[in-house]
file protein.txt (compact mmCIF, C-alpha atoms and all ligand atoms)
# COMPACT_ATOMS: atom_id res chain seq x y z
CA MET A 1 78.28 98.46 77.09
CA THR A 2 81.18 96.36 78.37
CA THR A 3 84.66 97.81 78.15
CA PRO A 4 87.27 95.54 76.58
CA THR A 5 89.70 93.93 79.01
CA VAL A 6 93.13 95.48 78.71
CA VAL A 7 95.83 92.90 79.34
CA PRO A 8 99.26 94.46 79.51
CA GLY A 9 101.88 92.18 78.01
CA VAL A 10 99.56 89.39 76.91
CA LEU A 11 101.42 86.15 76.14
CA ALA A 12 100.58 83.56 73.47
CA ASP A 13 101.05 80.61 75.84
CA PRO A 14 100.92 81.84 79.43
CA LEU A 15 101.31 79.54 82.44
CA LEU A 16 99.03 81.82 84.43
CA ALA A 17 96.40 84.14 82.95
CA VAL A 18 94.54 86.52 85.28
CA ARG A 19 91.68 88.61 83.94
CA ARG A 20 89.75 91.45 85.62
CA LEU A 21 90.54 90.06 89.07
CA THR A 22 88.93 91.88 91.97
CA LYS A 23 88.97 91.35 95.70
CA TYR A 24 86.76 93.64 97.75
CA PHE A 25 86.70 93.39 101.55
CA PRO A 26 83.61 94.65 103.36
CA VAL A 27 84.22 97.52 105.78
CA GLN A 28 82.25 96.80 108.93
CA GLU A 29 80.70 99.23 111.38
CA GLY A 30 81.76 98.19 114.94
CA LEU A 31 82.68 94.61 115.74
CA PHE A 32 79.53 92.92 114.44
CA GLY A 33 78.14 95.85 112.47
CA ARG A 34 76.75 95.84 108.97
CA ALA A 35 78.96 96.35 105.95
CA ARG A 36 79.50 100.10 105.54
CA GLY A 37 81.45 100.02 102.32
CA GLN A 38 84.18 98.13 100.53
CA VAL A 39 87.95 98.11 100.46
CA LYS A 40 88.85 97.55 96.84
CA ALA A 41 92.14 95.82 97.63
CA VAL A 42 92.46 94.41 94.09
CA ASP A 43 90.43 96.23 91.49
CA GLY A 44 90.40 94.72 88.01
CA VAL A 45 93.90 93.30 87.56
CA SER A 46 94.76 91.45 84.33
CA LEU A 47 98.15 89.89 83.69
CA ASP A 48 99.93 86.89 82.23
CA VAL A 49 102.88 85.02 83.70
CA GLY A 50 104.96 82.94 81.30
CA HIS A 51 106.47 79.50 81.90
CA GLY A 52 109.65 79.95 83.93
CA GLU A 53 109.19 83.73 84.01
CA THR A 54 109.49 86.12 86.93
CA LEU A 55 106.84 88.81 86.91
CA GLY A 56 107.60 91.53 89.43
CA VAL A 57 104.80 93.32 91.28
CA VAL A 58 105.76 96.52 93.09
CA GLY A 59 103.98 99.24 95.00
CA GLU A 60 103.86 100.86 98.41
CA SER A 61 102.36 99.25 101.47
CA GLY A 62 98.61 98.77 101.15
CA CYS A 63 98.52 98.76 97.32
CA GLY A 64 97.04 95.25 97.22
CA LYS A 65 100.10 93.16 96.33
CA THR A 66 99.60 90.45 98.95
CA THR A 67 95.87 90.31 98.28
CA LEU A 68 96.57 89.86 94.57
CA GLY A 69 98.97 86.97 95.25
CA ARG A 70 96.61 85.31 97.69
CA ALA A 71 93.57 85.76 95.46
CA ILE A 72 95.42 84.10 92.55
CA LEU A 73 96.04 81.06 94.78
CA ARG A 74 92.52 81.33 96.25
CA LEU A 75 93.92 81.69 99.75
CA VAL A 76 91.42 84.53 99.80
CA GLU A 77 88.37 84.01 97.59
CA PRO A 78 88.32 86.57 94.75
CA THR A 79 85.22 88.74 94.40
CA SER A 80 85.22 88.40 90.61
CA GLY A 81 87.43 87.72 87.61
CA ASP A 82 89.11 84.76 85.92
CA ILE A 83 92.23 82.82 86.83
CA ARG A 84 93.56 80.18 84.47
CA PHE A 85 96.58 78.08 85.33
CA ASP A 86 97.89 76.02 82.46
CA GLY A 87 94.46 76.41 80.88
CA VAL A 88 92.56 75.20 83.98
CA ASP A 89 89.87 77.47 85.42
CA VAL A 90 91.19 77.83 88.98
CA ARG A 91 88.06 79.56 90.29
CA ALA A 92 85.88 76.59 89.33
CA LEU A 93 87.97 74.09 91.34
CA ARG A 94 86.61 72.58 94.54
CA GLY A 95 87.78 70.03 97.12
CA ARG A 96 90.36 67.56 95.90
CA ALA A 97 90.81 69.25 92.51
CA LEU A 98 91.70 72.50 94.28
CA ARG A 99 94.14 70.71 96.58
CA THR A 100 95.80 69.08 93.58
CA MET A 101 96.14 72.46 91.88
CA ARG A 102 97.75 73.84 95.06
CA ARG A 103 100.63 71.46 94.47
CA SER A 104 101.48 73.45 91.37
CA MET A 105 100.92 76.90 92.88
CA GLN A 106 102.73 77.75 96.10
CA ILE A 107 103.53 80.84 98.16
CA ILE A 108 106.47 82.09 100.17
CA PHE A 109 105.18 84.45 102.82
CA GLN A 110 106.14 88.01 103.60
CA ASP A 111 107.07 87.44 107.24
CA PRO A 112 109.34 84.49 108.03
CA PHE A 113 108.74 85.02 111.74
CA SER A 114 104.98 84.45 111.76
CA SER A 115 104.69 82.09 108.79
CA LEU A 116 106.21 79.05 110.53
CA ASN A 117 104.31 77.20 113.25
CA PRO A 118 106.46 77.66 116.40
CA ARG A 119 105.31 74.31 117.77
CA MET A 120 106.34 72.28 114.74
CA THR A 121 109.92 71.26 114.00
CA ILE A 122 111.09 72.61 110.69
CA GLY A 123 111.29 69.02 109.46
CA ALA A 124 107.59 68.54 110.21
CA THR A 125 106.80 71.85 108.49
CA VAL A 126 108.58 70.84 105.29
CA ARG A 127 107.18 67.31 105.49
CA GLU A 128 103.54 68.41 105.75
CA GLY A 129 103.11 68.99 102.01
CA LEU A 130 104.75 65.64 101.21
CA THR A 131 102.17 63.86 103.36
CA VAL A 132 99.13 65.89 102.33
CA HIS A 133 99.86 65.30 98.66
CA ARG A 134 101.03 61.72 99.23
CA ILE A 135 104.39 62.44 97.63
CA ALA A 136 106.44 60.49 100.16
CA GLU A 137 105.96 58.74 103.50
CA GLY A 138 108.08 57.25 106.27
CA GLU A 139 111.82 57.12 105.68
CA ALA A 140 111.49 58.31 102.10
CA ALA A 141 109.82 61.48 103.40
CA ASP A 142 112.60 61.95 106.01
CA ARG A 143 115.19 61.64 103.28
CA ARG A 144 113.34 64.08 101.06
CA VAL A 145 113.04 66.62 103.90
CA ARG A 146 116.80 66.46 104.48
CA GLN A 147 117.44 66.84 100.76
CA LEU A 148 115.13 69.86 100.54
CA LEU A 149 116.78 71.53 103.53
CA GLU A 150 120.17 71.01 101.93
CA GLU A 151 118.90 72.32 98.64
CA VAL A 152 117.97 75.63 100.29
CA GLY A 153 121.35 75.87 102.04
CA LEU A 154 120.44 74.44 105.46
CA ARG A 155 121.81 71.33 107.13
CA GLY A 156 119.75 68.17 106.99
CA GLU A 157 120.04 67.64 110.75
CA TYR A 158 118.23 70.94 111.37
CA ALA A 159 115.01 69.02 110.67
CA SER A 160 114.54 68.26 114.37
CA ARG A 161 114.88 71.89 115.48
CA TYR A 162 112.20 74.52 116.08
CA PRO A 163 111.76 77.87 114.28
CA HIS A 164 112.90 79.99 117.28
CA GLU A 165 116.39 78.49 116.89
CA PHE A 166 116.81 80.12 113.48
CA SER A 167 117.51 83.57 112.07
CA GLY A 168 115.11 85.35 109.73
CA GLY A 169 117.11 84.35 106.66
CA GLN A 170 117.21 80.71 107.76
CA ARG A 171 113.47 80.72 108.44
CA GLN A 172 112.83 82.11 105.01
CA ARG A 173 114.89 79.24 103.61
CA VAL A 174 112.61 76.86 105.52
CA GLY A 175 109.63 78.63 103.93
CA ILE A 176 111.21 78.10 100.52
CA ALA A 177 111.85 74.40 101.26
CA ARG A 178 108.22 74.02 102.34
CA ALA A 179 107.03 75.55 99.07
CA LEU A 180 109.42 73.40 97.00
CA ALA A 181 108.45 70.15 98.73
CA VAL A 182 105.35 69.70 96.59
CA GLU A 183 107.25 70.41 93.36
CA PRO A 184 105.32 73.47 92.23
CA ARG A 185 105.61 75.17 88.85
CA PHE A 186 104.62 78.59 90.09
CA ILE A 187 105.41 80.39 93.34
CA VAL A 188 104.06 83.67 94.66
CA CYS A 189 107.08 85.17 96.43
CA ASP A 190 105.46 87.76 98.71
CA GLU A 191 108.23 90.17 99.67
CA PRO A 192 110.42 87.20 100.57
CA VAL A 193 113.39 89.34 101.62
CA SER A 194 111.91 92.56 102.97
CA ALA A 195 112.03 91.36 106.60
CA LEU A 196 115.67 90.30 106.27
CA ASP A 197 118.96 92.12 106.83
CA VAL A 198 120.40 93.57 103.65
CA SER A 199 123.38 91.20 103.83
CA VAL A 200 121.06 88.18 103.88
CA GLN A 201 118.68 89.50 101.20
CA ALA A 202 121.13 88.87 98.35
CA GLN A 203 121.71 85.28 99.49
CA VAL A 204 117.99 84.47 99.51
CA ILE A 205 117.47 86.21 96.14
CA ASN A 206 120.34 84.19 94.66
CA LEU A 207 118.86 81.00 96.06
CA LEU A 208 115.48 81.79 94.46
CA ARG A 209 117.20 82.50 91.12
CA ASP A 210 119.19 79.25 91.23
CA LEU A 211 116.06 77.26 92.05
CA GLN A 212 114.21 78.93 89.22
CA ARG A 213 116.95 78.08 86.75
CA ASP A 214 117.24 74.47 87.91
CA ARG A 215 113.53 73.76 88.15
CA GLY A 216 112.02 76.03 85.49
CA LEU A 217 109.85 77.76 88.10
CA ALA A 218 107.68 80.78 87.39
CA TYR A 219 107.47 83.49 90.06
CA LEU A 220 105.11 86.30 90.86
CA PHE A 221 107.68 88.29 92.78
CA ILE A 222 106.18 90.93 95.07
CA ALA A 223 108.25 93.78 96.51
CA HIS A 224 107.76 97.34 97.55
CA ASP A 225 111.31 98.21 96.71
CA LEU A 226 112.04 98.51 93.00
CA SER A 227 115.73 97.70 93.45
CA VAL A 228 114.84 94.18 94.61
CA VAL A 229 112.82 93.34 91.50
CA GLU A 230 115.30 94.97 89.13
CA HIS A 231 117.61 91.96 89.16
CA MET A 232 114.89 89.39 89.55
CA ALA A 233 112.04 90.15 87.16
CA ASN A 234 111.71 89.88 83.40
CA ARG A 235 108.69 92.17 83.42
CA VAL A 236 107.26 94.37 86.13
CA ALA A 237 103.73 95.48 87.06
CA VAL A 238 103.49 98.59 89.23
CA MET A 239 100.38 98.62 91.43
CA TYR A 240 98.65 101.55 93.02
CA LEU A 241 95.42 101.24 95.03
CA GLY A 242 94.56 97.82 93.68
CA ARG A 243 95.26 98.55 90.01
CA ILE A 244 98.13 98.16 87.60
CA VAL A 245 99.32 101.65 86.68
CA GLU A 246 102.45 100.75 84.70
CA PHE A 247 103.65 97.54 83.09
CA ALA A 248 106.86 97.02 81.13
CA SER A 249 109.98 94.92 80.78
CA SER A 250 112.21 95.67 83.76
CA GLU A 251 114.74 97.14 81.38
CA ALA A 252 112.20 99.65 79.91
CA LEU A 253 110.78 100.44 83.31
CA TYR A 254 114.17 101.37 84.77
CA ARG A 255 115.35 103.16 81.66
CA GLU A 256 112.23 105.21 81.11
CA PRO A 257 109.57 105.09 83.83
CA LEU A 258 106.56 106.94 82.43
CA MET A 259 103.95 106.81 85.19
CA PRO A 260 104.68 109.57 87.72
CA TYR A 261 104.11 107.09 90.56
CA THR A 262 106.82 104.77 89.21
CA GLN A 263 109.11 107.77 88.73
CA ALA A 264 108.73 108.60 92.41
CA LEU A 265 109.37 104.99 93.48
CA LEU A 266 112.40 104.76 91.24
CA SER A 267 113.82 108.08 92.39
CA ALA A 268 114.24 106.52 95.83
CA VAL A 269 116.38 103.66 94.50
CA PRO A 270 120.06 104.36 95.13
CA VAL A 271 122.27 104.45 92.06
CA PRO A 272 125.47 102.40 92.42
CA ASP A 273 127.57 105.06 90.64
CA PRO A 274 128.45 107.66 93.35
CA VAL A 275 128.91 110.45 90.77
CA THR A 276 125.41 110.14 89.32
CA LYS A 277 122.58 111.13 91.59
CA ARG A 278 118.93 110.77 90.84
CA GLN A 279 116.60 113.64 91.51
CA ARG A 280 114.56 112.47 94.49
CA ILE A 281 110.80 112.85 94.08
CA VAL A 282 109.18 112.86 97.46
CA LEU A 283 105.79 111.19 97.52
CA ALA A 284 103.55 113.50 99.48
CA GLY A 285 101.30 111.83 102.06
CA ASP A 286 100.31 108.19 102.35
CA VAL A 287 98.51 105.88 99.97
CA PRO A 288 94.84 106.99 100.17
CA SER A 289 92.39 104.54 101.72
CA PRO A 290 91.19 101.98 99.18
CA ALA A 291 87.81 102.21 100.94
CA ASN A 292 87.53 105.77 99.71
CA PRO A 293 89.79 106.19 96.65
CA PRO A 294 90.19 109.62 95.03
CA PRO A 295 88.09 110.20 91.89
CA GLY A 296 89.65 110.21 88.43
CA CYS A 297 93.30 109.19 88.50
CA VAL A 298 93.73 107.67 91.96
CA PHE A 299 97.29 109.06 92.07
CA HIS A 300 96.31 112.70 91.41
CA PRO A 301 96.53 114.00 95.02
CA ARG A 302 100.23 113.01 95.11
CA CYS A 303 101.27 113.55 91.50
CA HIS A 304 104.21 115.75 90.47
CA HIS A 305 103.58 115.75 86.68
CA PRO A 306 103.80 119.39 85.48
CA ALA A 307 100.69 118.93 83.29
CA ARG A 308 98.54 117.58 86.11
CA ASP A 309 95.28 119.52 86.23
CA ALA A 310 91.54 119.28 86.96
CA ALA A 311 91.06 116.59 84.29
CA CYS A 312 93.24 114.24 86.37
CA ALA A 313 90.67 114.41 89.16
CA ALA A 314 87.82 113.67 86.76
CA ILE A 315 89.02 111.10 84.21
CA VAL A 316 90.04 107.55 85.12
CA PRO A 317 93.18 107.07 82.99
CA PRO A 318 93.01 103.95 80.84
CA LEU A 319 96.01 101.60 80.87
CA GLU A 320 97.49 102.42 77.45
CA GLU A 321 100.38 101.03 75.43
CA LYS A 322 102.54 104.15 75.11
CA ALA A 323 105.49 102.33 73.52
CA PRO A 324 105.65 98.69 72.37
CA GLY A 325 105.20 96.53 75.45
CA HIS A 326 105.13 99.55 77.77
CA TRP A 327 101.73 100.20 79.38
CA VAL A 328 100.93 103.27 81.43
CA ALA A 329 97.79 104.73 83.04
CA CYS A 330 98.31 108.49 82.67
CA ILE A 331 96.39 110.91 80.45
CA LYS A 332 99.18 113.50 80.59
CA GLN A 333 101.98 111.27 79.36
CA PRO A 334 101.65 111.23 75.53
CA PRO A 335 100.48 109.48 73.46
CA THR A 336 97.02 109.06 74.92
CA ALA A 337 93.72 107.94 73.47
CA VAL A 338 91.88 110.41 75.71
CA PRO A 339 91.50 113.35 73.29
CA TRP A 340 92.39 116.89 74.31
CA ASP A 341 88.80 118.16 73.86
CA VAL A 342 87.57 115.44 76.26
CA GLN A 343 90.25 116.49 78.74
CA ARG A 344 89.26 120.16 78.30
CA GLN A 345 85.61 119.37 78.93
CA ALA A 346 86.79 117.78 82.19
CA GLY A 347 88.52 121.03 83.16
CA ALA A 348 92.00 120.46 81.70
CA THR A 349 94.29 123.47 81.40
CA HIS A 350 97.54 121.68 80.48
CA GLU A 351 98.08 119.65 77.34
CA PRO A 352 99.81 116.28 77.71
CA LEU A 353 103.56 116.69 77.96
CA ARG A 354 106.29 114.10 78.07
CA HIS A 355 107.87 114.30 81.51
CA LEU A 356 110.81 112.08 82.38
CA PRO A 357 112.54 113.35 85.49
CA VAL A 358 114.04 109.98 86.42
CA LEU A 359 116.13 108.62 83.59
CA ALA A 360 118.53 105.78 84.11
CA PRO A 361 122.07 107.09 84.50
CA GLN A 362 124.02 106.84 81.23
CA ALA A 363 126.74 104.26 81.17
N1 LIG A 401 91.35 90.55 105.40
C1 LIG A 401 91.22 91.85 105.12
N2 LIG A 401 90.12 92.55 105.51
C2 LIG A 401 89.97 93.87 105.21
N3 LIG A 401 90.87 94.57 104.51
C3 LIG A 401 91.98 93.96 104.11
C4 LIG A 401 92.23 92.57 104.39
N4 LIG A 401 93.44 92.22 103.85
C5 LIG A 401 93.91 93.34 103.27
N5 LIG A 401 93.05 94.38 103.42
C6 LIG A 401 93.23 95.75 102.92
O1 LIG A 401 93.47 95.67 101.53
C7 LIG A 401 94.44 96.62 101.14
C8 LIG A 401 95.59 95.93 100.45
O2 LIG A 401 96.31 95.15 101.42
P1 LIG A 401 97.53 94.21 101.03
O3 LIG A 401 97.97 93.52 102.26
O4 LIG A 401 97.14 93.38 99.87
O5 LIG A 401 98.61 95.28 100.58
P2 LIG A 401 100.15 95.11 100.27
O6 LIG A 401 100.41 95.85 99.01
O7 LIG A 401 100.53 93.67 100.32
O8 LIG A 401 100.85 95.90 101.47
P3 LIG A 401 102.24 95.58 102.25
O9 LIG A 401 103.34 96.10 101.35
O10 LIG A 401 102.12 96.37 103.51
O11 LIG A 401 102.32 94.11 102.50
C9 LIG A 401 94.84 97.38 102.42
O12 LIG A 401 94.08 98.57 102.49
C10 LIG A 401 94.45 96.43 103.51
O13 LIG A 401 94.13 97.13 104.68
S1 LIG A 402 96.74 111.14 85.03
FE1 LIG A 402 97.30 113.10 85.94
S2 LIG A 402 97.41 112.71 88.13
FE2 LIG A 402 97.40 110.72 87.11
S3 LIG A 402 99.54 110.19 86.93
FE3 LIG A 402 98.95 111.23 85.04
S4 LIG A 402 99.43 113.38 85.38
FE4 LIG A 402 99.45 112.40 87.37
MG MG A 403 101.84 92.57 101.49

call {"tool": "encode", "arguments": {"input": "protein.txt", "output": "structure tokens"}}
result
Amino acid sequence: MTTPTVVPGVLADPLLAVRRLTKYFPVQEGLFGRARGQVKAVDGVSLDVGHGETLGVVGESGCGKTTLGRAILRLVEPTSGDIRFDGVDVRALRGRALRTMRRSMQIIFQDPFSSLNPRMTIGATVREGLTVHRIAEGEAADRRVRQLLEEVGLRGEYASRYPHEFSGGQRQRVGIARALAVEPRFIVCDEPVSALDVSVQAQVINLLRDLQRDRGLAYLFIAHDLSVVEHMANRVAVMYLGRIVEFASSEALYREPLMPYTQALLSAVPVPDPVTKRQRIVLAGDVPSPANPPPGCVFHPRCHHPARDAACAAIVPPLEEKAPGHWVACIKQPPTAVPWDVQRQAGATHEPLRHLPVLAPQA
């Protein structure tokens, strides 16, 4: 029997539609040893991204965010699943067709220090896509490079300089210019500001927002800090150990986070109002190894929900729509389609109970 694919927040006319995407890496014994198991870095992710939309993806380090972004662009080959971009089956593309598709789907990398070739001038870096995709050559390409640098807030004459002459924020602007050069419609922004000083983060975020507005770009915006996506994303997917565990509009997610994992992440986000303080939920321990995930709810060893019990270690919580447009994978947060007698058979001692320790401060 095949289980139906749950797509949180399905759209009628998505730009990008991802279904049941998985990426498993083999775990090797020794340097050349045989595969000893699998790291399920992305484990059955389904989502839609709308035209001109920003979909936020958040989660702690190691949750599979980068792998998800790279698998969508086929920078790593997915293990299974479907990816459709503007109706085109991305996984079926080969050779030139794949290169052409790459024009439309770009990435801005997590680390602006290692993502630029130190031996190439920034002009050559930005120009590369123009040449590969035959967008412009010769003087026209030089002009376009200068224009792109100016568009991201750098000076045109910087084109002849090398990456080491620039700060992290400036390098990230070069990374943005490189992505924009090929006129994409969709960009995976992989933690584009997490390596930058706080003062520079807002500038780069504002630049990305302006570019989105002017060019109608869609973003998959990855962050491990919820405060960064709050102002950026229309809708947010929270990932834990390769899966989506909560999905909602950013407004609903911040107002009423239902998944205990999201509650813990959100409790760490500072509230601007100095009078209101959020109760801090400390996440015990690290993210478990995706090579050996816990049984049942993968979050159960770290969960603070008062109704958490033996059933949590036995039942894999389905991603359920608990309120319109608000999807959560938790059998203890009502309503749930996992009946109480099924939970009891799995050792449950606590009935589902609405638990909301982290409410948005009232205005
Ligand atoms: N090439 C690879 N080979 C083996 N395992 C990998 C590979 N790339 C990623 N992984 C593993 O997959 C899991 C997810 O990694 P990924 O980089 O996608 O996480 P992330 O959420 O982006 O983390 P971070 O916030 O630190 O960037 C991790 O356990 C990681 O060790
Ligand atoms: S299913 Fe159980 S362990 Fe998992 S988040 Fe809900 S209460 Fe916590
Ligand atoms: Mg990453």

call {"tool": "residues_near_ligand", "arguments": {"input": "protein.txt", "ligand": "ligand MG 403 (chain A)", "cutoff": "8 Å", "atoms": "all atoms listed in the file", "output": "VMD selection string"}}
result
chain A and resid 61 to 62 64 to 67 110 190 to 191 222

call {"tool": "write_last_selection", "arguments": {"input": "protein.txt", "atoms": "C-alpha atoms", "output": "PDB file, keeping the file's coordinate frame"}}
result
ATOM      1  CA  SER A  61     102.360  99.250 101.470  1.00  0.00           C
ATOM      2  CA  GLY A  62      98.610  98.770 101.150  1.00  0.00           C
ATOM      3  CA  GLY A  64      97.040  95.250  97.220  1.00  0.00           C
ATOM      4  CA  LYS A  65     100.100  93.160  96.330  1.00  0.00           C
ATOM      5  CA  THR A  66      99.600  90.450  98.950  1.00  0.00           C
ATOM      6  CA  THR A  67      95.870  90.310  98.280  1.00  0.00           C
ATOM      7  CA  GLN A 110     106.140  88.010 103.600  1.00  0.00           C
ATOM      8  CA  ASP A 190     105.460  87.760  98.710  1.00  0.00           C
ATOM      9  CA  GLU A 191     108.230  90.170  99.670  1.00  0.00           C
ATOM     10  CA  ILE A 222     106.180  90.930  95.070  1.00  0.00           C
TER      11      ILE A 222
END

call {"tool": "residues_near_point", "arguments": {"input": "protein.txt", "point": "(88.6, 110.0, 84.6)", "cutoff": "12 Å", "atoms": "only C-alpha atoms", "output": "ChimeraX atom specification"}}
result
/A:294-300,309-319,329-332,338,342-348

call {"tool": "residues_around", "arguments": {"input": "protein.txt", "residues": "Gly52 (chain A)", "least_positions_apart": "4", "cutoff": "8 Å", "atoms": "only C-alpha atoms", "output": "count of residues only"}}
result
6

call {"tool": "atom_distance", "arguments": {"input": "protein.txt", "atom1": "CA of Pro8 (chain A)", "atom2": "CA of Val193 (chain A)"}}
result
26.7 Å

call {"tool": "closest_atom_pairs", "arguments": {"input": "protein.txt", "of": "chain A", "to": "ligand LIG 401 (chain A)", "cutoff": "10 Å", "atoms": "all atoms listed in the file", "output": "JSON lines"}}
result
{"residue": "A:Lys23", "atom": "CA", "partner": "A:LIG401", "partner_atom": "O1", "distance": 8.5}
{"residue": "A:Tyr24", "atom": "CA", "partner": "A:LIG401", "partner_atom": "O1", "distance": 8.0}
{"residue": "A:Phe25", "atom": "CA", "partner": "A:LIG401", "partner_atom": "C2", "distance": 4.9}
{"residue": "A:Pro26", "atom": "CA", "partner": "A:LIG401", "partner_atom": "C2", "distance": 6.7}
{"residue": "A:Val27", "atom": "CA", "partner": "A:LIG401", "partner_atom": "C2", "distance": 6.8}
{"residue": "A:Gln28", "atom": "CA", "partner": "A:LIG401", "partner_atom": "C2", "distance": 9.1}
{"residue": "A:Gln38", "atom": "CA", "partner": "A:LIG401", "partner_atom": "N3", "distance": 8.6}
{"residue": "A:Val39", "atom": "CA", "partner": "A:LIG401", "partner_atom": "N3", "distance": 6.1}
{"residue": "A:Lys40", "atom": "CA", "partner": "A:LIG401", "partner_atom": "O1", "distance": 6.8}
{"residue": "A:Ala41", "atom": "CA", "partner": "A:LIG401", "partner_atom": "O1", "distance": 4.1}
{"residue": "A:Val42", "atom": "CA", "partner": "A:LIG401", "partner_atom": "C8", "distance": 7.2}
{"residue": "A:Val57", "atom": "CA", "partner": "A:LIG401", "partner_atom": "O6", "distance": 9.2}
{"residue": "A:Val58", "atom": "CA", "partner": "A:LIG401", "partner_atom": "O6", "distance": 8.0}
{"residue": "A:Gly59", "atom": "CA", "partner": "A:LIG401", "partner_atom": "O6", "distance": 6.3}
{"residue": "A:Glu60", "atom": "CA", "partner": "A:LIG401", "partner_atom": "O9", "distance": 5.6}
{"residue": "A:Ser61", "atom": "CA", "partner": "A:LIG401", "partner_atom": "O9", "distance": 3.3}
{"residue": "A:Gly62", "atom": "CA", "partner": "A:LIG401", "partner_atom": "O5", "distance": 3.5}
{"residue": "A:Cys63", "atom": "CA", "partner": "A:LIG401", "partner_atom": "O6", "distance": 3.9}
{"residue": "A:Gly64", "atom": "CA", "partner": "A:LIG401", "partner_atom": "O4", "distance": 3.2}
{"residue": "A:Lys65", "atom": "CA", "partner": "A:LIG401", "partner_atom": "O6", "distance": 3.8}
{"residue": "A:Thr66", "atom": "CA", "partner": "A:LIG401", "partner_atom": "O7", "distance": 3.6}
{"residue": "A:Thr67", "atom": "CA", "partner": "A:LIG401", "partner_atom": "O4", "distance": 3.7}
{"residue": "A:Leu68", "atom": "CA", "partner": "A:LIG401", "partner_atom": "O4", "distance": 6.4}
{"residue": "A:Gly69", "atom": "CA", "partner": "A:LIG401", "partner_atom": "O4", "distance": 8.1}
{"residue": "A:Arg70", "atom": "CA", "partner": "A:LIG401", "partner_atom": "O4", "distance": 8.4}
{"residue": "A:Ala71", "atom": "CA", "partner": "A:LIG401", "partner_atom": "O4", "distance": 9.5}
{"residue": "A:Val76", "atom": "CA", "partner": "A:LIG401", "partner_atom": "N1", "distance": 8.2}
{"residue": "A:Gln110", "atom": "CA", "partner": "A:LIG401", "partner_atom": "O11", "distance": 7.3}
{"residue": "A:Asp111", "atom": "CA", "partner": "A:LIG401", "partner_atom": "O11", "distance": 9.5}
{"residue": "A:Asp190", "atom": "CA", "partner": "A:LIG401", "partner_atom": "O7", "distance": 7.9}
{"residue": "A:Glu191", "atom": "CA", "partner": "A:LIG401", "partner_atom": "O11", "distance": 7.6}
{"residue": "A:Ser194", "atom": "CA", "partner": "A:LIG401", "partner_atom": "O9", "distance": 9.4}
{"residue": "A:Ile222", "atom": "CA", "partner": "A:LIG401", "partner_atom": "O7", "distance": 8.2}
{"residue": "A:Ala223", "atom": "CA", "partner": "A:LIG401", "partner_atom": "O9", "distance": 7.3}
{"residue": "A:His224", "atom": "CA", "partner": "A:LIG401", "partner_atom": "O9", "distance": 6.0}
{"residue": "A:Asp225", "atom": "CA", "partner": "A:LIG401", "partner_atom": "O9", "distance": 9.5}
{"residue": "A:Met239", "atom": "CA", "partner": "A:LIG401", "partner_atom": "O6", "distance": 8.1}
{"residue": "A:Tyr240", "atom": "CA", "partner": "A:LIG401", "partner_atom": "O6", "distance": 8.5}
{"residue": "A:Leu241", "atom": "CA", "partner": "A:LIG401", "partner_atom": "C8", "distance": 7.6}
{"residue": "A:Gly242", "atom": "CA", "partner": "A:LIG401", "partner_atom": "C8", "distance": 7.1}
{"residue": "A:Val287", "atom": "CA", "partner": "A:LIG401", "partner_atom": "O12", "distance": 8.9}
{"residue": "A:Pro288", "atom": "CA", "partner": "A:LIG401", "partner_atom": "O12", "distance": 8.8}
{"residue": "A:Ser289", "atom": "CA", "partner": "A:LIG401", "partner_atom": "O12", "distance": 6.3}
{"residue": "A:Pro290", "atom": "CA", "partner": "A:LIG401", "partner_atom": "O12", "distance": 5.6}
{"residue": "A:Ala291", "atom": "CA", "partner": "A:LIG401", "partner_atom": "O12", "distance": 7.4}

call {"tool": "residues_around", "arguments": {"input": "protein.txt", "residues": "Arg103 (chain A)", "least_positions_apart": "4", "cutoff": "10 Å", "atoms": "only C-alpha atoms", "output": "ChimeraX atom specification"}}
result
/A:98-99,129-130,132-133,179-186

call {"tool": "write_last_selection", "arguments": {"input": "protein.txt", "atoms": "C-alpha atoms", "output": "mmCIF file, in the coordinates of the input"}}
result
data_model
loop_
_atom_site.group_PDB
_atom_site.id
_atom_site.type_symbol
_atom_site.label_atom_id
_atom_site.label_comp_id
_atom_site.auth_asym_id
_atom_site.auth_seq_id
_atom_site.Cartn_x
_atom_site.Cartn_y
_atom_site.Cartn_z
ATOM 1 C CA LEU A 98 91.700 72.500 94.280
ATOM 2 C CA ARG A 99 94.140 70.710 96.580
ATOM 3 C CA GLY A 129 103.110 68.990 102.010
ATOM 4 C CA LEU A 130 104.750 65.640 101.210
ATOM 5 C CA VAL A 132 99.130 65.890 102.330
ATOM 6 C CA HIS A 133 99.860 65.300 98.660
ATOM 7 C CA ALA A 179 107.030 75.550 99.070
ATOM 8 C CA LEU A 180 109.420 73.400 97.000
ATOM 9 C CA ALA A 181 108.450 70.150 98.730
ATOM 10 C CA VAL A 182 105.350 69.700 96.590
ATOM 11 C CA GLU A 183 107.250 70.410 93.360
ATOM 12 C CA PRO A 184 105.320 73.470 92.230
ATOM 13 C CA ARG A 185 105.610 75.170 88.850
ATOM 14 C CA PHE A 186 104.620 78.590 90.090
#

call {"tool": "atom_distance", "arguments": {"input": "protein.txt", "atom1": "CA of His304 (chain A)", "atom2": "CA of Glu246 (chain A)"}}
result
16.2 Å

call {"tool": "closest_residue", "arguments": {"input": "protein.txt", "among": "A:Val271, A:Ala237, A:Leu258, A:Ala159", "to": "Pro335 (chain A)", "atoms": "all atoms listed in the file"}}
result
A:Leu258

call {"tool": "residues_around", "arguments": {"input": "protein.txt", "residues": "Leu253 (chain A)", "least_positions_apart": "5", "cutoff": "10 Å", "atoms": "all atoms listed in the file", "output": "list in words"}}
result
Leu226, Glu230, Arg235, Val236, Ala237, Val238, Glu246, Phe247, Ala248, Leu258, Met259, Thr262, Gln263, Leu266, His326, Trp327, Leu359 and Ala360 of chain A
